[in-house]
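For reference, input-v3.pdb (PDB, C-alpha atoms):
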```pdb
MODEL        1
ATOM      1  CA  MET A   1      -1.694  18.894  20.985  1.00  0.00           C
ATOM      2  CA  THR A   2      -3.572  16.280  22.857  1.00  0.00           C
ATOM      3  CA  THR A   3      -2.098  13.155  24.344  1.00  0.00           C
ATOM      4  CA  LYS A   4      -3.981  11.017  21.820  1.00  0.00           C
ATOM      5  CA  GLU A   5      -2.314  12.767  18.878  1.00  0.00           C
ATOM      6  CA  THR A   6       1.088  12.457  20.477  1.00  0.00           C
ATOM      7  CA  ILE A   7       0.690   8.719  21.067  1.00  0.00           C
ATOM      8  CA  SER A   8      -0.517   8.115  17.509  1.00  0.00           C
ATOM      9  CA  ASP A   9       2.339  10.190  16.092  1.00  0.00           C
ATOM     10  CA  MET A  10       4.869   8.231  18.123  1.00  0.00           C
ATOM     11  CA  ALA A  11       3.340   4.914  17.064  1.00  0.00           C
ATOM     12  CA  LEU A  12       3.416   5.911  13.403  1.00  0.00           C
ATOM     13  CA  LYS A  13       7.027   7.052  13.585  1.00  0.00           C
ATOM     14  CA  SER A  14       8.180   3.868  15.296  1.00  0.00           C
ATOM     15  CA  SER A  15       6.249   1.401  13.112  1.00  0.00           C
ATOM     16  CA  ALA A  16       8.936   1.067  10.403  1.00  0.00           C
ATOM     17  CA  PRO A  17      11.850   0.331  12.765  1.00  0.00           C
ATOM     18  CA  VAL A  18       9.717  -2.068  14.786  1.00  0.00           C
ATOM     19  CA  THR A  19       8.687  -3.932  11.623  1.00  0.00           C
ATOM     20  CA  VAL A  20      12.296  -4.225  10.444  1.00  0.00           C
ATOM     21  CA  SER A  21      13.466  -5.387  13.872  1.00  0.00           C
ATOM     22  CA  ALA A  22      10.687  -7.964  14.161  1.00  0.00           C
ATOM     23  CA  ALA A  23      11.381  -9.280  10.658  1.00  0.00           C
ATOM     24  CA  THR A  24      15.098  -9.561  11.394  1.00  0.00           C
ATOM     25  CA  ILE A  25      14.406 -11.465  14.600  1.00  0.00           C
ATOM     26  CA  ALA A  26      12.053 -13.767  12.664  1.00  0.00           C
ATOM     27  CA  GLY A  27      14.860 -14.487  10.190  1.00  0.00           C
ATOM     28  CA  ILE A  28      13.688 -12.310   7.301  1.00  0.00           C
ATOM     29  CA  GLN A  29      16.343  -9.934   6.015  1.00  0.00           C
ATOM     30  CA  VAL A  30      15.492  -6.358   5.015  1.00  0.00           C
ATOM     31  CA  PRO A  31      16.047  -6.886   1.243  1.00  0.00           C
ATOM     32  CA  ASP A  32      13.659  -9.850   1.339  1.00  0.00           C
ATOM     33  CA  LEU A  33      11.097  -7.729   3.183  1.00  0.00           C
ATOM     34  CA  VAL A  34      11.379  -4.981   0.558  1.00  0.00           C
ATOM     35  CA  GLN A  35      10.964  -7.497  -2.259  1.00  0.00           C
ATOM     36  CA  MET A  36       7.852  -8.986  -0.659  1.00  0.00           C
ATOM     37  CA  ALA A  37       6.317  -5.544  -0.092  1.00  0.00           C
ATOM     38  CA  THR A  38       7.060  -4.551  -3.696  1.00  0.00           C
ATOM     39  CA  LEU A  39       5.529  -7.762  -5.015  1.00  0.00           C
ATOM     40  CA  ILE A  40       2.364  -7.252  -2.972  1.00  0.00           C
ATOM     41  CA  TYR A  41       2.140  -3.631  -4.142  1.00  0.00           C
ATOM     42  CA  LEU A  42       2.515  -4.639  -7.803  1.00  0.00           C
ATOM     43  CA  VAL A  43      -0.121  -7.366  -7.511  1.00  0.00           C
ATOM     44  CA  VAL A  44      -2.570  -4.890  -5.991  1.00  0.00           C
ATOM     45  CA  LEU A  45      -1.916  -2.321  -8.738  1.00  0.00           C
ATOM     46  CA  ILE A  46      -2.197  -4.859 -11.560  1.00  0.00           C
ATOM     47  CA  THR A  47      -5.411  -6.280 -10.081  1.00  0.00           C
ATOM     48  CA  TYR A  48      -6.948  -2.824  -9.735  1.00  0.00           C
ATOM     49  CA  LYS A  49      -6.030  -1.790 -13.274  1.00  0.00           C
ATOM     50  CA  THR A  50      -7.308  -5.053 -14.756  1.00  0.00           C
ATOM     51  CA  TRP A  51     -10.596  -4.664 -12.864  1.00  0.00           C
ATOM     52  CA  HIS A  52     -10.852  -1.068 -14.081  1.00  0.00           C
ATOM     53  CA  TRP A  53     -10.273  -2.098 -17.721  1.00  0.00           C
ATOM     54  CA  TYR A  54     -12.824  -4.913 -17.387  1.00  0.00           C
ATOM     55  CA  ARG A  55     -15.479  -2.520 -16.074  1.00  0.00           C
ATOM     56  CA  GLU A  56     -14.705  -0.087 -18.885  1.00  0.00           C
ATOM     57  CA  TYR A  57     -14.936  -2.905 -21.447  1.00  0.00           C
ATOM     58  CA  LYS A  58     -18.309  -4.011 -20.078  1.00  0.00           C
ATOM     59  CA  GLY A  59     -19.604  -0.468 -20.397  1.00  0.00           C
ATOM     60  CA  TYR A  60     -19.985   0.544 -16.772  1.00  0.00           C
ATOM     61  CA  LYS A  61     -19.985   4.247 -16.088  1.00  0.00           C
ATOM     62  CA  ILE A  62     -16.663   5.566 -14.840  1.00  0.00           C
ATOM     63  CA  ASN A  63     -16.832   8.425 -12.371  1.00  0.00           C
ATOM     64  CA  GLN A  64     -14.591  11.490 -12.465  1.00  0.00           C
ATOM     65  CA  GLU A  65     -12.249  10.135  -9.760  1.00  0.00           C
ATOM     66  CA  ASP A  66     -11.397   7.096 -11.860  1.00  0.00           C
ATOM     67  CA  LYS A  67     -10.698   9.283 -14.880  1.00  0.00           C
ATOM     68  CA  ALA A  68      -8.353  11.409 -12.780  1.00  0.00           C
ATOM     69  CA  ASP A  69      -6.513   8.218 -11.681  1.00  0.00           C
ATOM     70  CA  ASP A  70      -5.983   7.240 -15.317  1.00  0.00           C
ATOM     71  CA  GLU A  71      -4.313  10.550 -16.134  1.00  0.00           C
ATOM     72  CA  LEU A  72      -1.544   9.925 -13.584  1.00  0.00           C
TER      73      LEU A  72
ENDMDL
END
```

Go ahead and render the structure in this file as structure tokens.
Amino acid sequence: MTTKETISDMALKSSAPVTVSAATIAGIQVPDLVQMATLIYLVVLITYKTWHWYREYKGYKINQEDKADDEL
């Protein structure tokens, strides 16, 4: 392994604890952080699905990747 891979692996592994620690210091508790992340995730998913349905309704061609996403 190269040094670059090792540094990126270490940064990725430490990102979650650092985020939780920083949020706690800023006064945001972990349950609040989880709720905010879940809300953001749901908004992104709902927006994507609505956009996808709108494009389908308007008659745009849907590629094979989008069809595979719908089957999940």

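Atom pair CA of Val34 in chain A / CA of Ser14 in chain A: separated by 17.5 Å.
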
- When you draw a straight line from CA of Ala16 in chain A to CA of Ala37 in chain A, how long is it in Å?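 Those two atoms sit 12.7 Å apart.
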
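Pairwise distance (CA of Leu33 in chain A, CA of Ser21 in chain A) equals 11.2 Å.
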